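The structure file coords02.txt is reproduced below (compact mmCIF, C-alpha atoms and all ligand atoms).
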# COMPACT_ATOMS: atom_id res chain seq x y z
CA MET A 1 139.36 115.09 169.17
CA THR A 2 142.03 113.93 166.77
CA THR A 3 144.48 116.40 165.36
CA ARG A 4 144.37 116.91 161.64
CA PRO A 5 147.02 118.55 159.53
CA ASP A 6 146.13 121.69 157.55
CA VAL A 7 146.98 119.99 154.31
CA ILE A 8 147.77 116.52 153.11
CA PRO A 9 151.37 115.40 153.22
CA VAL A 10 154.10 117.93 152.86
CA THR A 11 157.29 115.98 152.92
CA THR A 12 160.90 116.89 152.63
CA GLN A 13 161.79 113.52 151.15
CA PRO A 14 161.73 112.80 147.42
CA GLN A 15 159.03 110.23 146.63
CA GLU A 16 160.66 108.60 143.65
CA PRO A 17 163.94 106.70 143.52
CA GLY A 18 166.95 108.94 143.17
CA PRO A 19 169.82 110.37 145.16
CA ALA A 20 168.77 111.64 148.56
CA GLY A 21 167.48 115.21 148.43
CA ALA A 22 167.44 115.34 144.61
CA GLU A 23 164.44 116.29 142.51
CA PRO A 24 162.80 113.40 140.68
CA PRO A 25 163.43 113.23 136.91
CA PRO A 26 161.18 115.55 134.82
CA GLU A 27 159.05 112.69 133.46
CA LEU A 28 157.94 111.94 137.01
CA LEU A 29 156.74 115.47 137.66
CA GLY A 30 153.25 116.81 137.09
CA THR A 31 154.25 119.49 134.57
CA ARG A 32 156.06 119.10 131.28
CA GLY A 33 158.55 121.87 131.86
CA GLY A 34 159.71 120.37 135.14
CA GLU A 35 159.74 122.84 137.98
CA HIS A 36 160.88 125.88 136.01
CA LYS A 37 158.64 128.06 133.92
CA ARG A 38 160.28 128.59 130.54
CA SER A 39 159.95 131.90 128.73
CA LEU A 40 157.64 130.33 126.12
CA GLU A 41 155.38 129.25 128.92
CA GLN A 42 155.50 132.77 130.39
CA ILE A 43 154.36 134.23 127.05
CA ALA A 44 151.56 131.66 126.70
CA LEU A 45 150.46 132.48 130.23
CA LEU A 46 150.41 136.20 129.42
CA LEU A 47 148.25 135.54 126.33
CA PHE A 48 145.86 133.33 128.26
CA ILE A 49 145.42 136.04 130.86
CA CYS A 50 145.22 139.04 128.53
CA LEU A 51 142.98 137.68 125.75
CA PRO A 52 140.06 136.60 127.95
CA PHE A 53 140.41 139.82 129.94
CA LEU A 54 140.18 141.93 126.77
CA ALA A 55 137.15 139.85 125.79
CA LEU A 56 135.60 140.62 129.15
CA LEU A 57 136.18 144.34 128.57
CA ALA A 58 134.68 144.10 125.09
CA ALA A 59 131.72 142.08 126.33
CA VAL A 60 129.59 144.94 127.62
CA PRO A 61 129.51 147.12 124.47
CA LEU A 62 129.11 144.04 122.27
CA ALA A 63 126.15 142.74 124.23
CA TRP A 64 124.55 146.17 124.46
CA GLY A 65 121.42 146.36 122.30
CA ARG A 66 122.16 143.20 120.35
CA GLY A 67 120.81 140.78 122.86
CA LEU A 68 122.62 137.74 123.98
CA SER A 69 121.24 134.35 122.95
CA LEU A 70 119.94 132.02 125.61
CA LEU A 71 122.33 129.40 124.27
CA ASP A 72 125.35 131.68 124.83
CA VAL A 73 124.22 132.50 128.37
CA GLY A 74 123.62 128.80 129.04
CA LEU A 75 127.08 127.83 127.77
CA MET A 76 128.73 130.61 129.73
CA VAL A 77 126.95 129.87 133.02
CA GLY A 78 127.15 126.08 132.58
CA MET A 79 130.88 126.06 131.78
CA TYR A 80 131.56 128.63 134.49
CA PHE A 81 130.03 126.61 137.31
CA LEU A 82 131.26 123.25 136.01
CA THR A 83 134.86 124.45 135.95
CA CYS A 84 134.58 126.60 139.08
CA HIS A 85 133.36 123.62 141.10
CA GLY A 86 136.09 121.52 139.46
CA VAL A 87 138.55 123.89 141.14
CA THR A 88 136.73 124.49 144.44
CA VAL A 89 135.45 120.97 145.14
CA GLY A 90 138.22 119.16 143.25
CA PHE A 91 141.56 121.01 143.21
CA HIS A 92 140.96 122.82 146.49
CA ARG A 93 138.81 120.96 149.02
CA TYR A 94 139.58 117.42 147.80
CA PHE A 95 143.10 117.37 146.30
CA THR A 96 144.75 120.11 148.38
CA HIS A 97 143.07 119.67 151.75
CA GLY A 98 141.57 116.16 151.71
CA SER A 99 138.24 117.32 153.17
CA PHE A 100 136.64 114.13 151.84
CA LYS A 101 137.61 110.86 150.20
CA ALA A 102 136.41 110.12 146.65
CA ASN A 103 136.02 106.93 144.68
CA ARG A 104 138.29 106.51 141.66
CA PRO A 105 135.91 107.78 138.92
CA LEU A 106 135.05 110.87 140.99
CA ARG A 107 138.74 111.55 141.69
CA VAL A 108 139.56 111.48 137.97
CA ALA A 109 136.44 113.49 137.02
CA LEU A 110 137.30 116.20 139.56
CA ALA A 111 140.86 116.45 138.26
CA ILE A 112 139.55 116.89 134.70
CA ALA A 113 136.76 119.35 135.63
CA GLY A 114 139.28 121.53 137.50
CA SER A 115 141.78 121.34 134.62
CA LEU A 116 139.09 122.77 132.30
CA ALA A 117 139.20 125.99 134.36
CA VAL A 118 142.53 126.89 132.67
CA GLU A 119 144.22 127.74 135.98
CA GLY A 120 147.36 125.70 135.36
CA PRO A 121 148.19 122.00 135.74
CA ILE A 122 146.59 120.39 138.81
CA VAL A 123 149.89 119.41 140.43
CA ARG A 124 151.22 122.98 140.26
CA TRP A 125 147.91 124.42 141.49
CA VAL A 126 147.85 122.11 144.51
CA ALA A 127 151.55 122.59 145.34
CA ASP A 128 151.18 126.41 145.23
CA HIS A 129 148.08 126.32 147.36
CA ARG A 130 149.60 124.05 150.02
CA ARG A 131 152.55 126.44 150.22
CA HIS A 132 150.07 129.34 150.60
CA HIS A 133 148.56 127.64 153.67
CA LYS A 134 151.92 126.74 155.13
CA PHE A 135 153.17 130.35 155.08
CA SER A 136 149.90 132.33 154.76
CA ASP A 137 150.70 136.07 154.71
CA ALA A 138 154.25 135.43 155.90
CA GLU A 139 157.58 135.00 154.13
CA GLY A 140 157.22 132.05 151.73
CA ASP A 141 153.55 132.63 150.84
CA PRO A 142 153.46 132.64 147.01
CA HIS A 143 150.71 135.28 146.87
CA SER A 144 150.24 137.48 149.95
CA PRO A 145 148.92 141.04 149.36
CA TRP A 146 151.00 142.09 152.40
CA ARG A 147 154.26 141.16 150.68
CA TYR A 148 155.45 144.77 150.31
CA GLY A 149 154.27 146.14 153.64
CA GLU A 150 151.32 147.78 155.32
CA THR A 151 151.24 151.29 153.80
CA LEU A 152 148.56 152.04 151.19
CA PRO A 153 150.96 152.12 148.21
CA ALA A 154 152.57 148.89 149.46
CA LEU A 155 149.16 147.26 149.83
CA LEU A 156 148.06 148.33 146.33
CA LYS A 157 151.25 146.89 144.89
CA GLY A 158 150.74 143.77 147.02
CA LEU A 159 147.14 143.39 145.87
CA PHE A 160 148.26 143.34 142.25
CA TRP A 161 150.95 140.81 143.12
CA ALA A 162 148.45 138.56 144.97
CA HIS A 163 145.88 138.89 142.19
CA MET A 164 148.05 137.97 139.23
CA GLY A 165 151.65 139.18 139.49
CA TRP A 166 152.70 136.06 141.39
CA LEU A 167 151.73 133.87 138.42
CA PHE A 168 154.80 135.18 136.60
CA ASP A 169 157.18 134.42 139.45
CA GLU A 170 159.94 132.20 138.16
CA GLU A 171 160.38 130.58 141.53
CA GLN A 172 158.23 127.47 141.49
CA THR A 173 156.86 125.46 144.38
CA PRO A 174 158.71 122.12 144.45
CA GLN A 175 156.13 119.51 143.44
CA HIS A 176 157.90 116.53 145.00
CA LYS A 177 157.88 118.34 148.32
CA TYR A 178 154.35 119.79 148.29
CA ALA A 179 152.36 117.34 146.14
CA PRO A 180 154.05 113.92 146.39
CA ASP A 181 150.67 112.20 146.76
CA LEU A 182 149.56 113.57 143.38
CA ILE A 183 152.70 112.91 141.33
CA LYS A 184 152.81 109.30 142.44
CA ASP A 185 149.29 108.71 141.06
CA PRO A 186 149.87 107.98 137.33
CA ALA A 187 146.38 109.09 136.25
CA ILE A 188 146.64 112.43 138.04
CA ARG A 189 150.19 112.97 136.80
CA ARG A 190 148.98 112.32 133.25
CA ILE A 191 146.03 114.74 133.57
CA SER A 192 148.40 117.35 134.96
CA ARG A 193 150.98 116.93 132.19
CA ASP A 194 148.25 117.08 129.51
CA PHE A 195 147.09 120.49 130.73
CA TRP A 196 147.40 121.93 127.18
CA PHE A 197 144.83 119.37 126.00
CA TRP A 198 142.29 120.30 128.69
CA THR A 199 142.82 123.98 127.86
CA MET A 200 142.05 123.35 124.19
CA LEU A 201 139.02 121.21 125.05
CA SER A 202 137.71 123.88 127.41
CA LEU A 203 137.98 126.57 124.73
CA VAL A 204 136.68 124.42 121.84
CA LEU A 205 133.67 122.84 123.54
CA PRO A 206 131.40 125.95 123.64
CA PRO A 207 131.89 126.92 119.94
CA VAL A 208 131.33 123.32 118.82
CA VAL A 209 128.05 123.17 120.74
CA GLY A 210 127.07 126.70 119.64
CA GLY A 211 127.88 125.96 116.00
CA LEU A 212 126.02 122.65 115.94
CA VAL A 213 122.91 123.96 117.68
CA THR A 214 122.59 127.04 115.45
CA MET A 215 124.20 125.38 112.42
CA SER A 216 126.10 128.60 111.76
CA TRP A 217 129.64 129.98 112.04
CA TYR A 218 128.22 133.06 113.74
CA GLY A 219 126.67 130.86 116.43
CA ALA A 220 130.05 129.18 116.92
CA PHE A 221 131.74 132.58 117.17
CA THR A 222 129.39 134.05 119.80
CA ALA A 223 129.52 130.81 121.80
CA PHE A 224 133.33 131.00 121.72
CA PHE A 225 133.24 134.62 122.86
CA TRP A 226 130.84 134.11 125.78
CA GLY A 227 131.26 130.45 126.67
CA SER A 228 135.05 130.32 126.29
CA LEU A 229 136.74 133.74 126.54
CA VAL A 230 134.44 135.71 128.83
CA ARG A 231 133.81 132.68 131.05
CA VAL A 232 137.55 131.94 131.50
CA ALA A 233 138.33 135.60 132.22
CA LEU A 234 135.60 135.92 134.81
CA LEU A 235 136.60 132.72 136.60
CA HIS A 236 140.27 133.75 136.60
CA HIS A 237 139.48 137.05 138.25
CA VAL A 238 137.12 135.53 140.80
CA THR A 239 139.69 132.86 141.73
CA TRP A 240 142.48 135.41 142.01
CA SER A 241 140.23 137.63 144.13
CA ILE A 242 140.32 134.97 146.82
CA ASN A 243 144.10 135.47 147.00
CA SER A 244 143.99 139.26 146.83
CA ILE A 245 140.68 140.67 148.15
CA CYS A 246 139.98 137.90 150.69
CA HIS A 247 143.42 138.42 152.26
CA ALA A 248 143.01 142.20 152.51
CA VAL A 249 139.40 142.88 153.53
CA GLY A 250 136.38 141.04 154.94
CA LYS A 251 135.07 139.99 158.33
CA ARG A 252 137.21 137.85 160.59
CA PRO A 253 134.88 135.98 162.92
CA PHE A 254 137.40 133.15 163.34
CA LYS A 255 140.92 132.92 164.69
CA SER A 256 143.54 132.45 162.01
CA ARG A 257 147.20 133.41 162.02
CA ASP A 258 146.89 135.37 158.76
CA ARG A 259 144.81 138.22 157.29
CA SER A 260 142.13 136.08 155.63
CA GLY A 261 138.60 137.50 155.64
CA ASN A 262 135.03 136.44 154.79
CA VAL A 263 133.80 138.41 151.77
CA TRP A 264 130.05 137.89 151.31
CA TRP A 265 129.64 139.51 147.87
CA LEU A 266 131.95 136.96 146.24
CA ALA A 267 130.19 133.92 147.75
CA VAL A 268 128.00 132.93 144.78
CA LEU A 269 130.57 133.57 142.04
CA SER A 270 133.35 131.87 144.01
CA CYS A 271 131.14 128.83 144.75
CA GLY A 272 131.51 129.38 148.49
CA GLU A 273 135.28 129.94 148.59
CA SER A 274 135.11 133.57 149.72
CA TRP A 275 134.28 132.48 153.31
CA HIS A 276 138.04 132.48 153.41
CA ASN A 277 138.53 133.39 157.08
CA LEU A 278 136.82 130.15 158.17
CA HIS A 279 138.86 128.26 155.58
CA HIS A 280 142.16 129.41 157.06
CA ALA A 281 140.86 128.79 160.60
CA ASP A 282 139.83 125.22 159.67
CA PRO A 283 141.43 124.28 156.31
CA THR A 284 140.18 120.68 156.07
CA SER A 285 136.50 121.55 156.63
CA ALA A 286 134.34 120.47 153.65
CA ARG A 287 132.13 123.51 154.27
CA HIS A 288 133.54 127.04 154.24
CA GLY A 289 130.27 128.92 154.73
CA VAL A 290 129.56 127.50 158.19
CA LEU A 291 127.44 130.33 159.58
CA ARG A 292 123.71 130.79 158.95
CA GLY A 293 122.93 132.30 155.55
CA GLN A 294 126.43 131.75 154.13
CA VAL A 295 125.90 130.31 150.65
CA ASP A 296 128.37 127.55 149.82
CA SER A 297 127.46 125.67 146.62
CA SER A 298 130.65 123.57 146.79
CA ALA A 299 129.57 122.13 150.15
CA ARG A 300 126.15 121.34 148.66
CA ILE A 301 127.77 119.44 145.79
CA ILE A 302 130.04 117.49 148.17
CA ARG A 303 126.89 116.54 150.08
CA TRP A 304 125.31 115.25 146.83
CA PHE A 305 128.46 113.21 146.11
CA GLU A 306 128.22 111.77 149.62
CA GLN A 307 124.53 110.89 149.18
CA ALA A 308 125.32 109.22 145.83
CA GLY A 309 127.96 107.10 147.59
CA TRP A 310 130.85 108.54 145.55
CA ALA A 311 132.36 110.51 148.44
CA HIS A 312 132.92 109.36 152.03
CA ASP A 313 134.72 110.40 155.22
CA VAL A 314 133.57 113.96 154.60
CA ARG A 315 134.91 116.41 157.17
CA TRP A 316 131.73 118.34 157.98
CA PRO A 317 132.09 121.08 160.56
CA ASP A 318 130.64 120.43 163.99
CA ALA A 319 129.60 122.99 166.55
CA ASP A 320 132.43 122.27 169.03
CA ARG A 321 135.11 122.47 166.40
CA ILE A 322 133.80 125.77 165.06
CA ALA A 323 133.28 127.20 168.55
CA ALA A 324 136.92 126.46 169.39
CA ARG A 325 138.01 128.50 166.39
CA ARG A 326 135.84 131.53 166.73
CA ALA A 327 137.38 134.83 167.66
CA PRO A 328 136.30 136.41 170.98
CA ASP A 329 132.90 138.20 170.82
CA ASN A 330 131.86 136.33 167.68
CA PRO A 331 129.37 133.64 168.67
CA ALA A 332 129.05 131.22 165.77
CA GLU A 333 125.76 129.61 164.79
CA VAL A 334 127.02 126.60 162.89
CA VAL A 335 125.37 125.02 159.86
CA GLY A 336 125.71 121.24 159.59
CA LYS A 337 125.87 119.11 156.50
CA GLU A 338 122.24 119.54 155.45
CA ALA A 339 122.14 123.24 154.64
CA ALA A 340 123.12 124.62 151.27
ZN ZN B 401 144.17 132.12 151.59
ZN ZN B 402 142.94 126.26 150.94

With the file now loaded, output its structure as structure tokens.
Ligand SMILES: [Zn+2]
Ligand SMILES: [Zn+2]
Amino acid sequence: MTTRPDVIPVTTQPQEPGPAGAEPPPELLGTRGGEHKRSLEQIALLLFICLPFLALLAAVPLAWGRGLSLLDVGLMVGMYFLTCHGVTVGFHRYFTHGSFKANRPLRVALAIAGSLAVEGPIVRWVADHRRHHKFSDAEGDPHSPWRYGETLPALLKGLFWAHMGWLFDEEQTPQHKYAPDLIKDPAIRRISRDFWFWTMLSLVLPPVVGGLVTMSWYGAFTAFFWGSLVRVALLHHVTWSINSICHAVGKRPFKSRDRSGNVWWLAVLSCGESWHNLHHADPTSARHGVLRGQVDSSARIIRWFEQAGWAHDVRWPDADRIAARRAPDNPAEVVGKEAA
């Protein structure tokens, strides 16, 4: 068996020309503000988190008794799963962990689909996530719920930090150290730097479709509410739950050096990412739900990409590899590449 790193290259050397040990110039980074979040960016981030969340809170009474058009539901569900898989298949399994290789059009499409999830520029997302794996639940992890200790008040505080508090941390993960492979790809760097454009597109697309189909401003408004605001809020909270809930509770059938757990009730909404204990035990595996009955729609989509010839060298789990990682007294019945 060959050894595989947890993540693709983490290097201590700068990738672009410049004095040894120095950061590359800002134009060569994947975010416009360089590696520091400016206060304007902090305020924008706060708005992007609060507004969809308020919409989510308002959603229930608004929908009550008035019905919800099929078009709105379709836009919400369609945009949700398109962008969720953009993050899970694209940002996470492909760009962060290299669990398969993609042809050029698929690589670019995955970067764009993930950017439409409004979870930050791809280069920052990947750099943060690689740092999470490097230090998982130890000093240096950007979002561990165990940051403040093991007592209940400390855990509650830590859960909030892991869920969303960490997003406001001024300390940024150095991109040239954690994502050199992405910032040296001009197309990916461009997609990352144009994050504001993908955010606008993601929010504008549903109302444009809703308005055109119903030929009314009201149709555009409800499509914006459900397909843009509620959808973004829901996906944010599901994604953040992987960092908070899946590092605090859940079953741990596999050996990992952190507190990651498998949380079954998040499996469908998280597109298979809540089988998080297996993911930390075997980070490059293209399938996270490796046991019988564990739904993993991201693995299914990677399989379709493979069958279409767009993806290759997919790292499917095999029985020996999984068996070597299982915790004592947890026999694992492994699912291969065929199951959904
Ligand atoms: Zn994790
Ligand atoms: Zn990961």

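Taking all atoms listed in the file into account, ligand ZN 401 (chain B) lies nearest to A:Gly261 out of the set A:Gly261, A:Pro174, A:Pro180, A:Gly90.
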
Could you check how far CA of Ser99 (chain A) sits from CA of Leu28 (chain A), in Å to one decimal?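 Answer for the CA of Ser99 (chain A) to CA of Leu28 (chain A) separation: 26.0 Å.
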
Kindly indicate which residue among A:His176, A:His132, A:Lys157, A:Arg104 lies nearest to ligand ZN 401 (chain B), using all atoms listed in the file for the distances. A:His132

Would you kindly identify which residues have an atom no farther than 10 Å from (142.9, 141.5, 142.3), using only C-alpha atoms and the file's own coordinates, and write them out as a short mmCIF file (atom, residue, chain, number, x, y, z; two decimals) with C-alpha atoms, in the coordinates of the input?
data_model
loop_
_atom_site.label_atom_id
_atom_site.label_comp_id
_atom_site.auth_asym_id
_atom_site.auth_seq_id
_atom_site.Cartn_x
_atom_site.Cartn_y
_atom_site.Cartn_z
CA PRO A 145 148.92 141.04 149.36
CA LEU A 156 148.06 148.33 146.33
CA GLY A 158 150.74 143.77 147.02
CA LEU A 159 147.14 143.39 145.87
CA PHE A 160 148.26 143.34 142.25
CA TRP A 161 150.95 140.81 143.12
CA ALA A 162 148.45 138.56 144.97
CA HIS A 163 145.88 138.89 142.19
CA MET A 164 148.05 137.97 139.23
CA GLY A 165 151.65 139.18 139.49
CA HIS A 236 140.27 133.75 136.60
CA HIS A 237 139.48 137.05 138.25
CA VAL A 238 137.12 135.53 140.80
CA THR A 239 139.69 132.86 141.73
CA TRP A 240 142.48 135.41 142.01
CA SER A 241 140.23 137.63 144.13
CA ILE A 242 140.32 134.97 146.82
CA ASN A 243 144.10 135.47 147.00
CA SER A 244 143.99 139.26 146.83
CA ILE A 245 140.68 140.67 148.15
CA CYS A 246 139.98 137.90 150.69
#

Separation of CA of Ala111 (chain A) and CA of Ala267 (chain A), in Å?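 According to the coordinates, CA of Ala111 (chain A) and CA of Ala267 (chain A) are separated by 22.6 Å.
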
Of the candidates A:Ala308, A:Ala113, A:Val249, A:Cys84, which shows the shortest atom-to-atom distance to ligand ZN 401 (chain B), using all atoms listed in the file?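 When distances to ligand ZN 401 (chain B) are compared using all atoms listed in the file, the smallest one comes from A:Val249.
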
Measure the distance from CA of Ser285 (chain A) to CA of Asp185 (chain A) in Å and round it to one decimal.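 If I compute the distance from CA of Ser285 (chain A) to CA of Asp185 (chain A), I get 23.9 Å.
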
Select the residues contacting ligand ZN 402 (chain B) at a distance of at most 8 Å, based on all atoms listed in the file, then format the selection as a ChimeraX atom specification. /A:92-93,96-97,129-130,132-133,279-280,283

Which polymer residues have any atom within 10 Å of an atom of Arg231 (chain A), counting only C-alpha atoms, with same-chain residues fewer than 4 positions away left out, as a list in words?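 Final neighbour list, sorted by chain and number: Pro52, Phe53, Ala55, Leu56, Val73, Leu75, Met76, Val77, Gly78, Met79, Tyr80, Phe81, Thr83, Ala117, Leu203, Phe224, Phe225, Trp226, Gly227, Leu235 and His236 of chain A.
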
Measuring atom to atom with only C-alpha atoms and all ligand atoms, identify which of A:Phe254, A:Tyr178, A:Phe195, A:Trp275 is nearest to ligand ZN 401 (chain B).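 Using only C-alpha atoms and all ligand atoms, ligand ZN 401 (chain B) sits closest to A:Trp275.
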
Can you tell me which residues surround Phe305 (chain A) at a distance of at most 10 Å, considering only C-alpha atoms, apart from same-chain residues fewer than 4 positions away, and format the answer as a count of residues only? 11

Would you mind telling me which residue in A:Val295, A:Ile302, A:Leu62, A:Ala248 lies nearest to ligand ZN 401 (chain B) when using all atoms listed in the file? A:Ala248

In terms of all atoms listed in the file, the residue from A:Val290, A:Val204, A:Leu182, A:Val209 at minimal distance from Leu29 (chain A) is A:Leu182

List the neighbours of Asp282 (chain A) out to 12 Å using only C-alpha atoms; skip same-chain residues closer than 3 positions along the sequence, and give me the result as a PyMOL selection string. chain A and resi 3-7+93+97+99+133+254-257+260+275-279+285-290+315-318+321-326

So which residues touch Gly211 (chain A) within 12 Å, counting only C-alpha atoms, skipping near sequence neighbours fewer than 3 positions away, as JSON, numbers by chain? {"A": [71, 72, 75, 204, 205, 206, 207, 208, 214, 215, 216, 217, 218, 219, 220, 221, 222, 223, 224]}
